[in-house]
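Here is the structure we will look at, set down as structure tokens.
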Amino acid sequence: MKTYKIRCSALPSAFVCPPSVMPAEVQIDPVSPAADQGSAAHEVMKQIVDEDARSIDGIELAEIARRWGADAEELKIQAFVGLKVWQQLRDYLPGGQAEVELSQSFDLGDDVTLELTGQLDVVALMRLA
């Protein structure tokens, strides 16, 4: 059985250029300082959302920055901006959860499976009145 794994964030490229999502012969290391900074910021935002934080007090920014090799001062700025955004969105996303992993497999026939994976920054169930 052949399984193709595609991140949902790659779907726009897949529609424009299908070969762009095929496994490459030469793998490029996606690690970079900017990616590490972003990963650290996502970890902070997960804590802000999951704890419905009102401040960044209690978030171990220096430890998170160290773990990711990120710039601690930049992470502090990102945390303040993220907190401000969450304060504006929290009422629209009751019970919000952050960094939620999703995966769905599709049997395409002829022993071919497509597995779509992704991660939602924030998700919440909204009830309409």
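Labeling convention for the structure tokens: chains A, B, ... as they appear, residues from 1 per chain, ligands from 1 in order of appearance.
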Members of range 50-107 of chain A assigned strand (DSSP E) by DSSP, as a list in words: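 Matching residues, listed in order: Gln97, Ala98, Glu99, Val100, Glu101, Leu102, Ser103, Gln104, Ser105, Phe106 and Asp107 of chain A.
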Residues near Thr3 in chain A, cut-off 12 Å, only C-alpha atoms, skip fewer than 3 positions along chain, as a PyMOL selection string: chain A and resi 6+22-23+105-116
Who sits within 9 Å of range 63-67 of chain A, only C-alpha atoms, same chain under 5 positions skipped, as JSON, numbers by chain: {"A": [36, 37, 40, 41, 43, 44, 72, 73, 75]}
For CA of Ala34 in chain A and CA of Arg90 in chain A, the interatomic separation in Å (one decimal): 27.1 Å
Picked from chain A by DSSP as alpha helix (DSSP H), as a count of residues only: 50
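Picture a line from CA of Ala79 in chain A to CA of Met45 in chain A; it runs 7.1 Å.
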Neighbour list for Ala35 in chain A as a list in words, cut-off 12 Å, only C-alpha atoms, skip fewer than 5 positions in-chain: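 So, after excluding close chain neighbours, the residues are Asp29, Pro30, Ala40, Ala41, His42, Trp68, Gly69, Ala70 and Asp71 of chain A.
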Distance in Å - CA of Met126 in chain A versus CA of Leu93 in chain A: 7.1 Å
Minimum-distance residue to Gln119 in chain A, chosen among A:Ala24, A:Ala98, A:Asp50, A:Gln104 (using only C-alpha atoms):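 Of A:Ala24, A:Ala98, A:Asp50, A:Gln104, the one nearest Gln119 in chain A, counting only C-alpha atoms, is A:Ala98.
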